[in-house]
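Peer 1: This one is query_8.pdb, PDB, C-alpha atoms.
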ATOM      1  CA  MET H 201    -135.736 -53.169 133.743  1.00  0.00           C
ATOM      2  CA  THR H 202    -132.707 -52.400 131.586  1.00  0.00           C
ATOM      3  CA  GLU H 203    -133.904 -48.807 131.116  1.00  0.00           C
ATOM      4  CA  GLN H 204    -134.046 -48.267 134.891  1.00  0.00           C
ATOM      5  CA  THR H 205    -130.498 -49.625 135.343  1.00  0.00           C
ATOM      6  CA  GLU H 206    -129.142 -47.325 132.639  1.00  0.00           C
ATOM      7  CA  THR H 207    -130.852 -44.325 134.220  1.00  0.00           C
ATOM      8  CA  THR H 208    -129.327 -45.130 137.613  1.00  0.00           C
ATOM      9  CA  GLU H 209    -125.871 -45.495 136.069  1.00  0.00           C
ATOM     10  CA  GLU H 210    -126.266 -42.143 134.304  1.00  0.00           C
ATOM     11  CA  ILE H 211    -127.211 -40.441 137.577  1.00  0.00           C
ATOM     12  CA  ILE H 212    -124.189 -41.941 139.345  1.00  0.00           C
ATOM     13  CA  ALA H 213    -121.933 -40.797 136.494  1.00  0.00           C
ATOM     14  CA  ASP H 214    -123.387 -37.268 136.738  1.00  0.00           C
ATOM     15  CA  LEU H 215    -122.796 -37.163 140.502  1.00  0.00           C
ATOM     16  CA  HIS H 216    -119.119 -37.966 140.064  1.00  0.00           C
ATOM     17  CA  GLU H 217    -118.461 -35.820 136.988  1.00  0.00           C
ATOM     18  CA  PRO H 218    -115.300 -33.816 137.789  1.00  0.00           C
ATOM     19  CA  ARG H 219    -115.258 -30.024 137.871  1.00  0.00           C
ATOM     20  CA  PHE H 220    -112.845 -28.137 135.636  1.00  0.00           C
ATOM     21  CA  ILE H 221    -112.963 -25.197 138.067  1.00  0.00           C
ATOM     22  CA  THR H 222    -112.067 -26.073 141.655  1.00  0.00           C
ATOM     23  CA  GLU H 223    -111.112 -24.283 144.852  1.00  0.00           C
ATOM     24  CA  THR H 224    -107.711 -23.602 146.399  1.00  0.00           C
ATOM     25  CA  GLY H 225    -106.639 -23.102 150.011  1.00  0.00           C
ATOM     26  CA  MET H 226    -109.223 -23.460 152.779  1.00  0.00           C
ATOM     27  CA  PRO H 227    -112.245 -23.765 150.446  1.00  0.00           C
ATOM     28  CA  ALA H 228    -110.483 -26.713 148.778  1.00  0.00           C
ATOM     29  CA  ARG H 229    -110.122 -28.393 152.175  1.00  0.00           C
ATOM     30  CA  VAL H 230    -113.835 -27.901 152.879  1.00  0.00           C
ATOM     31  CA  ALA H 231    -114.735 -29.277 149.437  1.00  0.00           C
ATOM     32  CA  GLN H 232    -112.612 -32.361 150.063  1.00  0.00           C
ATOM     33  CA  LEU H 233    -114.398 -32.988 153.369  1.00  0.00           C
ATOM     34  CA  ILE H 234    -117.994 -32.584 152.240  1.00  0.00           C
ATOM     35  CA  GLU H 235    -118.114 -33.745 148.608  1.00  0.00           C
ATOM     36  CA  PRO H 236    -118.310 -37.508 149.349  1.00  0.00           C
ATOM     37  CA  SER H 237    -121.271 -36.926 151.691  1.00  0.00           C
ATOM     38  CA  LEU H 238    -123.007 -34.712 149.137  1.00  0.00           C
ATOM     39  CA  ASN H 239    -122.630 -37.400 146.473  1.00  0.00           C
ATOM     40  CA  GLY H 240    -123.852 -39.999 148.950  1.00  0.00           C
ATOM     41  CA  ILE H 241    -127.232 -38.275 149.348  1.00  0.00           C
ATOM     42  CA  GLY H 242    -127.667 -37.533 145.644  1.00  0.00           C
ATOM     43  CA  PHE H 243    -126.183 -34.049 145.231  1.00  0.00           C
ATOM     44  CA  ARG H 244    -123.072 -32.647 143.619  1.00  0.00           C
ATOM     45  CA  LEU H 245    -120.890 -29.759 144.692  1.00  0.00           C
ATOM     46  CA  VAL H 246    -120.783 -26.621 142.552  1.00  0.00           C
ATOM     47  CA  ARG H 247    -118.641 -24.269 144.611  1.00  0.00           C
ATOM     48  CA  VAL H 248    -117.276 -23.558 148.077  1.00  0.00           C
ATOM     49  CA  LYS H 249    -116.725 -19.914 148.970  1.00  0.00           C
ATOM     50  CA  ILE H 250    -115.592 -18.303 152.217  1.00  0.00           C
ATOM     51  CA  SER H 251    -116.599 -14.661 152.582  1.00  0.00           C
ATOM     52  CA  ALA H 252    -115.827 -12.181 155.344  1.00  0.00           C
ATOM     53  CA  SER H 253    -118.589  -9.789 154.277  1.00  0.00           C
ATOM     54  CA  GLY H 254    -120.966  -9.226 157.212  1.00  0.00           C
ATOM     55  CA  GLY H 255    -119.105 -11.800 159.301  1.00  0.00           C
ATOM     56  CA  GLU H 256    -117.439 -15.025 158.216  1.00  0.00           C
ATOM     57  CA  THR H 257    -119.741 -16.987 155.885  1.00  0.00           C
ATOM     58  CA  LEU H 258    -119.121 -20.424 154.415  1.00  0.00           C
ATOM     59  CA  GLN H 259    -121.216 -20.748 151.276  1.00  0.00           C
ATOM     60  CA  ILE H 260    -121.819 -24.228 149.874  1.00  0.00           C
ATOM     61  CA  MET H 261    -123.327 -24.128 146.409  1.00  0.00           C
ATOM     62  CA  ALA H 262    -124.798 -27.492 145.400  1.00  0.00           C
ATOM     63  CA  GLU H 263    -127.343 -29.060 143.057  1.00  0.00           C
ATOM     64  CA  ARG H 264    -129.053 -32.256 142.000  1.00  0.00           C
ATOM     65  CA  PRO H 265    -127.711 -33.882 138.808  1.00  0.00           C
ATOM     66  CA  ASP H 266    -130.541 -32.170 136.902  1.00  0.00           C
ATOM     67  CA  GLY H 267    -129.087 -28.788 137.901  1.00  0.00           C
ATOM     68  CA  PHE H 268    -131.785 -27.786 140.395  1.00  0.00           C
ATOM     69  CA  ILE H 269    -132.269 -27.678 144.153  1.00  0.00           C
ATOM     70  CA  ASN H 270    -135.114 -26.734 146.523  1.00  0.00           C
ATOM     71  CA  ILE H 271    -135.470 -25.755 150.185  1.00  0.00           C
ATOM     72  CA  GLU H 272    -135.927 -29.367 151.323  1.00  0.00           C
ATOM     73  CA  ASP H 273    -132.722 -30.276 149.484  1.00  0.00           C
ATOM     74  CA  CYS H 274    -130.842 -27.456 151.216  1.00  0.00           C
ATOM     75  CA  GLU H 275    -132.044 -28.725 154.595  1.00  0.00           C
ATOM     76  CA  ALA H 276    -130.928 -32.276 153.746  1.00  0.00           C
ATOM     77  CA  ILE H 277    -127.496 -31.000 152.709  1.00  0.00           C
ATOM     78  CA  ASN H 278    -127.181 -28.951 155.900  1.00  0.00           C
ATOM     79  CA  ASP H 279    -128.048 -32.000 158.019  1.00  0.00           C
ATOM     80  CA  ALA H 280    -125.500 -34.138 156.153  1.00  0.00           C
ATOM     81  CA  ILE H 281    -122.476 -31.839 156.194  1.00  0.00           C
ATOM     82  CA  SER H 282    -122.863 -29.923 159.471  1.00  0.00           C
ATOM     83  CA  PRO H 283    -121.645 -32.860 161.639  1.00  0.00           C
ATOM     84  CA  ILE H 284    -118.611 -33.284 159.354  1.00  0.00           C
ATOM     85  CA  LEU H 285    -117.691 -29.605 159.586  1.00  0.00           C
ATOM     86  CA  ASP H 286    -118.240 -29.619 163.360  1.00  0.00           C
ATOM     87  CA  LEU H 287    -115.980 -32.659 163.752  1.00  0.00           C
ATOM     88  CA  GLU H 288    -113.198 -31.638 161.373  1.00  0.00           C
ATOM     89  CA  ASP H 289    -113.425 -27.921 162.184  1.00  0.00           C
ATOM     90  CA  PRO H 290    -111.562 -26.761 159.027  1.00  0.00           C
ATOM     91  CA  ILE H 291    -112.197 -23.039 159.672  1.00  0.00           C
ATOM     92  CA  ALA H 292    -110.605 -21.562 162.784  1.00  0.00           C
ATOM     93  CA  ALA H 293    -112.927 -18.549 163.100  1.00  0.00           C
ATOM     94  CA  ALA H 294    -116.641 -18.665 163.897  1.00  0.00           C
ATOM     95  CA  TYR H 295    -118.703 -18.736 160.718  1.00  0.00           C
ATOM     96  CA  ARG H 296    -122.230 -18.961 159.349  1.00  0.00           C
ATOM     97  CA  LEU H 297    -123.045 -21.918 157.079  1.00  0.00           C
ATOM     98  CA  GLU H 298    -125.056 -21.034 153.992  1.00  0.00           C
ATOM     99  CA  ILE H 299    -126.426 -23.643 151.568  1.00  0.00           C
ATOM    100  CA  SER H 300    -127.462 -22.187 148.233  1.00  0.00           C
ATOM    101  CA  SER H 301    -128.495 -23.077 144.713  1.00  0.00           C
ATOM    102  CA  PRO H 302    -126.303 -22.080 141.748  1.00  0.00           C
ATOM    103  CA  GLY H 303    -128.976 -19.595 140.613  1.00  0.00           C
ATOM    104  CA  ILE H 304    -130.085 -18.765 137.082  1.00  0.00           C
ATOM    105  CA  ASP H 305    -126.927 -16.792 136.193  1.00  0.00           C
ATOM    106  CA  ARG H 306    -124.914 -19.683 137.587  1.00  0.00           C
ATOM    107  CA  PRO H 307    -121.220 -20.477 137.415  1.00  0.00           C
ATOM    108  CA  LEU H 308    -120.399 -23.291 134.995  1.00  0.00           C
ATOM    109  CA  VAL H 309    -117.940 -25.732 136.548  1.00  0.00           C
ATOM    110  CA  ARG H 310    -118.489 -28.980 134.621  1.00  0.00           C
ATOM    111  CA  VAL H 311    -118.560 -29.875 130.947  1.00  0.00           C
ATOM    112  CA  SER H 312    -122.231 -30.862 131.335  1.00  0.00           C
ATOM    113  CA  ASP H 313    -122.957 -27.328 132.624  1.00  0.00           C
ATOM    114  CA  VAL H 314    -121.420 -25.895 129.470  1.00  0.00           C
ATOM    115  CA  MET H 315    -123.394 -28.288 127.260  1.00  0.00           C
ATOM    116  CA  ARG H 316    -126.651 -27.221 128.968  1.00  0.00           C
ATOM    117  CA  ALA H 317    -125.677 -23.593 128.347  1.00  0.00           C
ATOM    118  CA  GLU H 318    -125.279 -23.971 124.583  1.00  0.00           C
ATOM    119  CA  GLY H 319    -126.667 -20.931 122.780  1.00  0.00           C
ATOM    120  CA  HIS H 320    -126.710 -18.787 125.918  1.00  0.00           C
ATOM    121  CA  GLU H 321    -124.553 -15.778 126.718  1.00  0.00           C
ATOM    122  CA  VAL H 322    -121.642 -16.203 129.137  1.00  0.00           C
ATOM    123  CA  LYS H 323    -118.878 -14.138 130.723  1.00  0.00           C
ATOM    124  CA  VAL H 324    -115.473 -15.822 130.839  1.00  0.00           C
ATOM    125  CA  GLU H 325    -112.622 -14.800 133.150  1.00  0.00           C
ATOM    126  CA  LEU H 326    -109.258 -16.408 132.353  1.00  0.00           C
ATOM    127  CA  ALA H 327    -106.421 -17.307 134.671  1.00  0.00           C
ATOM    128  CA  GLN H 328    -103.949 -16.136 132.019  1.00  0.00           C
ATOM    129  CA  LEU H 329    -103.945 -14.160 128.786  1.00  0.00           C
ATOM    130  CA  VAL H 330    -105.372 -15.781 125.667  1.00  0.00           C
ATOM    131  CA  ASN H 331    -104.918 -13.746 122.488  1.00  0.00           C
ATOM    132  CA  ASN H 332    -103.884 -10.832 124.733  1.00  0.00           C
ATOM    133  CA  ARG H 333    -107.185 -10.934 126.613  1.00  0.00           C
ATOM    134  CA  LYS H 334    -108.308 -12.221 130.020  1.00  0.00           C
ATOM    135  CA  ARG H 335    -112.039 -11.624 129.591  1.00  0.00           C
ATOM    136  CA  TYR H 336    -114.475 -12.757 126.940  1.00  0.00           C
ATOM    137  CA  ARG H 337    -118.215 -12.429 126.499  1.00  0.00           C
ATOM    138  CA  GLY H 338    -120.164 -14.431 123.976  1.00  0.00           C
ATOM    139  CA  TYR H 339    -122.496 -17.300 123.182  1.00  0.00           C
ATOM    140  CA  VAL H 340    -121.644 -20.886 124.064  1.00  0.00           C
ATOM    141  CA  VAL H 341    -121.082 -23.090 121.020  1.00  0.00           C
ATOM    142  CA  GLY H 342    -119.991 -26.153 122.980  1.00  0.00           C
ATOM    143  CA  ALA H 343    -117.208 -27.937 124.820  1.00  0.00           C
ATOM    144  CA  ALA H 344    -115.178 -30.949 123.733  1.00  0.00           C
ATOM    145  CA  GLU H 345    -111.729 -32.435 124.250  1.00  0.00           C
ATOM    146  CA  GLY H 346    -110.971 -30.080 127.137  1.00  0.00           C
ATOM    147  CA  LYS H 347    -111.841 -26.919 125.186  1.00  0.00           C
ATOM    148  CA  LEU H 348    -114.617 -24.308 125.331  1.00  0.00           C
ATOM    149  CA  VAL H 349    -115.889 -22.771 122.112  1.00  0.00           C
ATOM    150  CA  ILE H 350    -117.778 -19.464 122.146  1.00  0.00           C
ATOM    151  CA  ASP H 351    -118.913 -16.934 119.542  1.00  0.00           C
ATOM    152  CA  LYS H 352    -117.797 -13.491 120.702  1.00  0.00           C
ATOM    153  CA  LEU H 353    -120.453 -10.893 121.354  1.00  0.00           C
ATOM    154  CA  GLU H 354    -118.378  -8.159 119.737  1.00  0.00           C
ATOM    155  CA  VAL H 355    -116.185  -8.928 116.743  1.00  0.00           C
ATOM    156  CA  LYS H 356    -113.713  -6.408 115.353  1.00  0.00           C
ATOM    157  CA  GLU H 357    -112.931  -6.251 111.672  1.00  0.00           C
ATOM    158  CA  GLY H 358    -110.568  -9.031 110.685  1.00  0.00           C
ATOM    159  CA  GLU H 359    -111.217 -11.051 113.851  1.00  0.00           C
ATOM    160  CA  ASP H 360    -112.685 -14.530 113.975  1.00  0.00           C
ATOM    161  CA  ALA H 361    -115.979 -14.676 115.885  1.00  0.00           C
ATOM    162  CA  HIS H 362    -115.059 -18.158 117.134  1.00  0.00           C
ATOM    163  CA  VAL H 363    -112.848 -18.364 120.234  1.00  0.00           C
ATOM    164  CA  ILE H 364    -111.414 -21.652 121.468  1.00  0.00           C
ATOM    165  CA  ILE H 365    -110.293 -21.662 125.101  1.00  0.00           C
ATOM    166  CA  GLU H 366    -108.684 -24.440 127.116  1.00  0.00           C
ATOM    167  CA  LEU H 367    -110.930 -25.322 130.060  1.00  0.00           C
ATOM    168  CA  SER H 368    -107.832 -25.438 132.271  1.00  0.00           C
ATOM    169  CA  ASP H 369    -107.222 -21.709 131.507  1.00  0.00           C
ATOM    170  CA  ILE H 370    -110.645 -20.628 132.819  1.00  0.00           C
ATOM    171  CA  ALA H 371    -110.791 -18.982 136.251  1.00  0.00           C
ATOM    172  CA  GLU H 372    -114.554 -18.402 136.105  1.00  0.00           C
ATOM    173  CA  ILE H 373    -117.357 -18.753 133.578  1.00  0.00           C
ATOM    174  CA  ARG H 374    -120.929 -17.854 134.349  1.00  0.00           C
ATOM    175  CA  LEU H 375    -124.194 -17.327 132.527  1.00  0.00           C
ATOM    176  CA  VAL H 376    -125.440 -13.821 131.791  1.00  0.00           C
ATOM    177  CA  LEU H 377    -128.994 -13.161 132.954  1.00  0.00           C
ATOM    178  CA  THR H 378    -131.225 -12.701 129.901  1.00  0.00           C
ATOM    179  CA  ASP H 379    -134.967 -12.974 129.298  1.00  0.00           C
ATOM    180  CA  GLU H 380    -134.490 -16.150 127.279  1.00  0.00           C
ATOM    181  CA  LEU H 381    -132.363 -17.740 130.015  1.00  0.00           C
ATOM    182  CA  ILE H 382    -135.006 -16.894 132.636  1.00  0.00           C
ATOM    183  CA  ARG H 383    -137.783 -18.400 130.512  1.00  0.00           C
ATOM    184  CA  GLU H 384    -135.807 -21.577 129.838  1.00  0.00           C
ATOM    185  CA  SER H 385    -134.779 -21.935 133.491  1.00  0.00           C
ATOM    186  CA  MET H 386    -138.402 -21.600 134.625  1.00  0.00           C
ATOM    187  CA  ARG H 387    -139.534 -24.254 132.147  1.00  0.00           C
ATOM    188  CA  ALA H 388    -136.727 -26.614 133.118  1.00  0.00           C
ATOM    189  CA  GLY H 389    -137.317 -25.970 136.826  1.00  0.00           C
ATOM    190  CA  LYS H 390    -141.002 -26.882 136.576  1.00  0.00           C
ATOM    191  CA  THR H 391    -140.128 -30.083 134.712  1.00  0.00           C
ATOM    192  CA  ALA H 392    -137.463 -31.015 137.274  1.00  0.00           C
ATOM    193  CA  GLU H 393    -139.804 -30.418 140.222  1.00  0.00           C
ATOM    194  CA  LYS H 394    -142.534 -32.479 138.551  1.00  0.00           C
ATOM    195  CA  GLU H 395    -140.080 -35.357 138.091  1.00  0.00           C
ATOM    196  CA  GLN H 396    -138.928 -35.085 141.716  1.00  0.00           C
ATOM    197  CA  LYS H 397    -142.528 -35.213 142.972  1.00  0.00           C
ATOM    198  CA  GLU H 398    -143.161 -38.283 140.830  1.00  0.00           C
ATOM    199  CA  LEU H 399    -140.049 -39.989 142.218  1.00  0.00           C
ATOM    200  CA  LYS H 400    -141.126 -39.251 145.800  1.00  0.00           C
ATOM    201  CA  ARG H 401    -144.623 -40.546 145.044  1.00  0.00           C
ATOM    202  CA  GLU H 402    -143.179 -43.793 143.716  1.00  0.00           C
ATOM    203  CA  GLU H 403    -140.907 -44.101 146.770  1.00  0.00           C
ATOM    204  CA  ARG H 404    -143.910 -43.684 149.095  1.00  0.00           C
ATOM    205  CA  LYS H 405    -145.839 -46.342 147.153  1.00  0.00           C
ATOM    206  CA  LYS H 406    -142.900 -48.724 147.362  1.00  0.00           C
ATOM    207  CA  HIS H 407    -142.490 -48.091 151.092  1.00  0.00           C
ATOM    208  CA  ALA H 408    -146.213 -48.652 151.700  1.00  0.00           C
ATOM    209  CA  ALA H 409    -146.119 -51.889 149.690  1.00  0.00           C
ATOM    210  CA  GLU H 410    -143.163 -53.121 151.752  1.00  0.00           C
ATOM    211  CA  LYS H 411    -145.040 -52.426 154.974  1.00  0.00           C
ATOM    212  CA  ARG H 412    -148.095 -54.356 153.725  1.00  0.00           C
ATOM    213  CA  LYS H 413    -146.077 -57.485 152.946  1.00  0.00           C
ATOM    214  CA  PRO H 414    -146.934 -60.312 155.367  1.00  0.00           C
ATOM    215  CA  LYS H 415    -144.129 -61.326 157.673  1.00  0.00           C
ATOM    216  CA  PRO H 416    -142.666 -64.746 156.803  1.00  0.00           C
ATOM    217  CA  LYS H 417    -143.872 -67.549 159.054  1.00  0.00           C
ATOM    218  CA  ASN H 418    -141.436 -69.554 161.077  1.00  0.00           C
ATOM    219  CA  THR H 419    -141.000 -72.756 159.066  1.00  0.00           C
ATOM    220  CA  ALA H 420    -138.460 -74.389 161.357  1.00  0.00           C
ATOM    221  CA  PRO H 421    -139.513 -77.970 162.229  1.00  0.00           C
ATOM    222  CA  ASP H 422    -140.819 -78.588 165.719  1.00  0.00           C
ATOM    223  CA  THR H 423    -138.327 -80.331 167.987  1.00  0.00           C
ATOM    224  CA  VAL H 424    -139.405 -83.442 169.825  1.00  0.00           C
ATOM    225  CA  GLU H 425    -137.848 -84.230 173.184  1.00  0.00           C
ATOM    226  CA  THR H 426    -136.930 -87.889 173.785  1.00  0.00           C
TER     227      THR H 426
END
Produce structure tokens that represent the structure in this file.

Peer 2:
Amino acid sequence: MTEQTETTEEIIADLHEPRFITETGMPARVAQLIEPSLNGIGFRLVRVKISASGGETLQIMAERPDGFINIEDCEAINDAISPILDLEDPIAAAYRLEISSPGIDRPLVRVSDVMRAEGHEVKVELAQLVNNRKRYRGYVVGAAEGKLVIDKLEVKEGEDAHVIIELSDIAEIRLVLTDELIRESMRAGKTAEKEQKELKREERKKHAAEKRKPKPKNTAPDTVET
């Protein structure tokens, strides 16, 4: 019983883990409107992007706390946020709503994303110069106390391979698609889907058991007229 409670608390904590990369302008307004509803149905926001390519498109990138999402999840998210966007109408122009997964070469927006990416190659774009550079490429060592640590892919003579970057200085960080990343993502995806199927199976069993419960009899005493 205690184990189940701890698991639930961990999931709730994951849902509300803050992002160290967030939107500005209109995408920030959209994120503010939809994030509570996403959390309410068990998902967390990764990114909001408005693109004018091929017509105005509002892309909502979201995921479950385990980092994955499927077509059914995308449909559930669409059903949850569409009424909010229709009511609040944050975008003046007509647009197409697109719900998507973060993908394998995903952006990393939370500390937990960075921790999952340990050992994998990333590209880092900075909002300002760090050591006279705005771009880095290397392998994730970890993240702690508001800092990202990577081992640079290319190290010049006399340079330290280790780079420590403040998370608040990062404009974008995303995984680089490699064979190892693809293999690991496929393994993790299969495990996540298996766990989701098991959860749904247990929910169906619980629902069926509730329906089979006999309705309580009316135990109120009979009234006697005098």

Peer 1: Starting from the displayed file, determine the output of the PyMOL selection byres ((chain H and resi 285) around 12) and express the residue list as an mmCIF file with C-alpha atoms, keeping the file's coordinate frame.

Peer 2:
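The resulting result17.cif:
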data_model
loop_
_atom_site.group_PDB
_atom_site.id
_atom_site.type_symbol
_atom_site.label_atom_id
_atom_site.label_comp_id
_atom_site.auth_asym_id
_atom_site.auth_seq_id
_atom_site.Cartn_x
_atom_site.Cartn_y
_atom_site.Cartn_z
ATOM 1 C CA ARG H 229 -110.122 -28.393 152.175
ATOM 2 C CA VAL H 230 -113.835 -27.901 152.879
ATOM 3 C CA ALA H 231 -114.735 -29.277 149.437
ATOM 4 C CA GLN H 232 -112.612 -32.361 150.063
ATOM 5 C CA LEU H 233 -114.398 -32.988 153.369
ATOM 6 C CA ILE H 234 -117.994 -32.584 152.240
ATOM 7 C CA GLU H 235 -118.114 -33.745 148.608
ATOM 8 C CA SER H 237 -121.271 -36.926 151.691
ATOM 9 C CA LEU H 258 -119.121 -20.424 154.415
ATOM 10 C CA ILE H 260 -121.819 -24.228 149.874
ATOM 11 C CA ASN H 278 -127.181 -28.951 155.900
ATOM 12 C CA ASP H 279 -128.048 -32.000 158.019
ATOM 13 C CA ALA H 280 -125.500 -34.138 156.153
ATOM 14 C CA ILE H 281 -122.476 -31.839 156.194
ATOM 15 C CA SER H 282 -122.863 -29.923 159.471
ATOM 16 C CA PRO H 283 -121.645 -32.860 161.639
ATOM 17 C CA ILE H 284 -118.611 -33.284 159.354
ATOM 18 C CA ASP H 286 -118.240 -29.619 163.360
ATOM 19 C CA LEU H 287 -115.980 -32.659 163.752
ATOM 20 C CA GLU H 288 -113.198 -31.638 161.373
ATOM 21 C CA ASP H 289 -113.425 -27.921 162.184
ATOM 22 C CA PRO H 290 -111.562 -26.761 159.027
ATOM 23 C CA ILE H 291 -112.197 -23.039 159.672
ATOM 24 C CA ALA H 292 -110.605 -21.562 162.784
ATOM 25 C CA ALA H 294 -116.641 -18.665 163.897
ATOM 26 C CA TYR H 295 -118.703 -18.736 160.718
ATOM 27 C CA ARG H 296 -122.230 -18.961 159.349
ATOM 28 C CA LEU H 297 -123.045 -21.918 157.079
#

Peer 1: Applied to the shown file, which residues does the PyMOL selection byres ((chain H and resi 303) around 12) return, written as a CSV table (one decimal) with C-alpha atoms, in the coordinates of the input?

Peer 2:
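Dumped to result-v6.csv:
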chain,number,residue,atom,x,y,z
H,246,VAL,CA,-120.8,-26.6,142.6
H,261,MET,CA,-123.3,-24.1,146.4
H,262,ALA,CA,-124.8,-27.5,145.4
H,263,GLU,CA,-127.3,-29.1,143.1
H,267,GLY,CA,-129.1,-28.8,137.9
H,268,PHE,CA,-131.8,-27.8,140.4
H,269,ILE,CA,-132.3,-27.7,144.2
H,270,ASN,CA,-135.1,-26.7,146.5
H,299,ILE,CA,-126.4,-23.6,151.6
H,300,SER,CA,-127.5,-22.2,148.2
H,301,SER,CA,-128.5,-23.1,144.7
H,302,PRO,CA,-126.3,-22.1,141.7
H,304,ILE,CA,-130.1,-18.8,137.1
H,305,ASP,CA,-126.9,-16.8,136.2
H,306,ARG,CA,-124.9,-19.7,137.6
H,307,PRO,CA,-121.2,-20.5,137.4
H,308,LEU,CA,-120.4,-23.3,135.0
H,374,ARG,CA,-120.9,-17.9,134.3
H,375,LEU,CA,-124.2,-17.3,132.5
H,376,VAL,CA,-125.4,-13.8,131.8
H,377,LEU,CA,-129.0,-13.2,133.0
H,381,LEU,CA,-132.4,-17.7,130.0
H,382,ILE,CA,-135.0,-16.9,132.6
H,385,SER,CA,-134.8,-21.9,133.5
H,386,MET,CA,-138.4,-21.6,134.6
H,389,GLY,CA,-137.3,-26.0,136.8

Peer 1: Tell me which residues the PyMOL selection byres ((chain H and resi 310) around 7) grabs here, as a list in words.

Peer 2: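 For this structure, the PyMOL selection byres ((chain H and resi 310) around 7) resolves to Pro218, Arg219, Phe220, Leu308, Val309, Val311, Ser312, Asp313 and Val314 of chain H.
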
Peer 1: Here is a test: counting only C-alpha atoms, which residue of H:Ala388, H:Leu245, H:Ala252, H:Leu326 is nearest to Leu367 (chain H)?

Peer 2: H:Leu326

Peer 1: Tell me which of H:Gly342, H:Asp214, H:Phe243, H:Ser368 sits closest to Glu325 (chain H), counting all atoms listed in the file.

Peer 2: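 Looking only at the distances to Glu325 (chain H), the closest residue turns out to be H:Ser368.
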
Peer 1: What does the distance from CA of Ile364 (chain H) to CA of Ala317 (chain H) come to in Å, to one decimal?

Peer 2: 16.0 Å

Peer 1: One decimal, Å: what's the distance from CA of Ile350 (chain H) over to CA of Val363 (chain H), could you say?

Peer 2: 5.4 Å

Peer 1: What is the distance between CA of Leu238 (chain H) and CA of Asp266 (chain H), in Å to one decimal?

Peer 2: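 Atom-to-atom, CA of Leu238 (chain H) and CA of Asp266 (chain H) are spaced 14.6 Å apart.
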
Peer 1: Nearest to Ala276 (chain H) among H:Arg333, H:Arg383, H:His320, H:Arg264, with distances taken over all atoms listed in the file: which residue is it?

Peer 2: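 When distances to Ala276 (chain H) are compared using all atoms listed in the file, the smallest one comes from H:Arg264.
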
Peer 1: With all atoms listed in the file as the atoms that count, which of H:Glu384, H:Asp369, H:Glu410, H:Asp379 lies nearest to Ile221 (chain H)?

Peer 2: H:Asp369
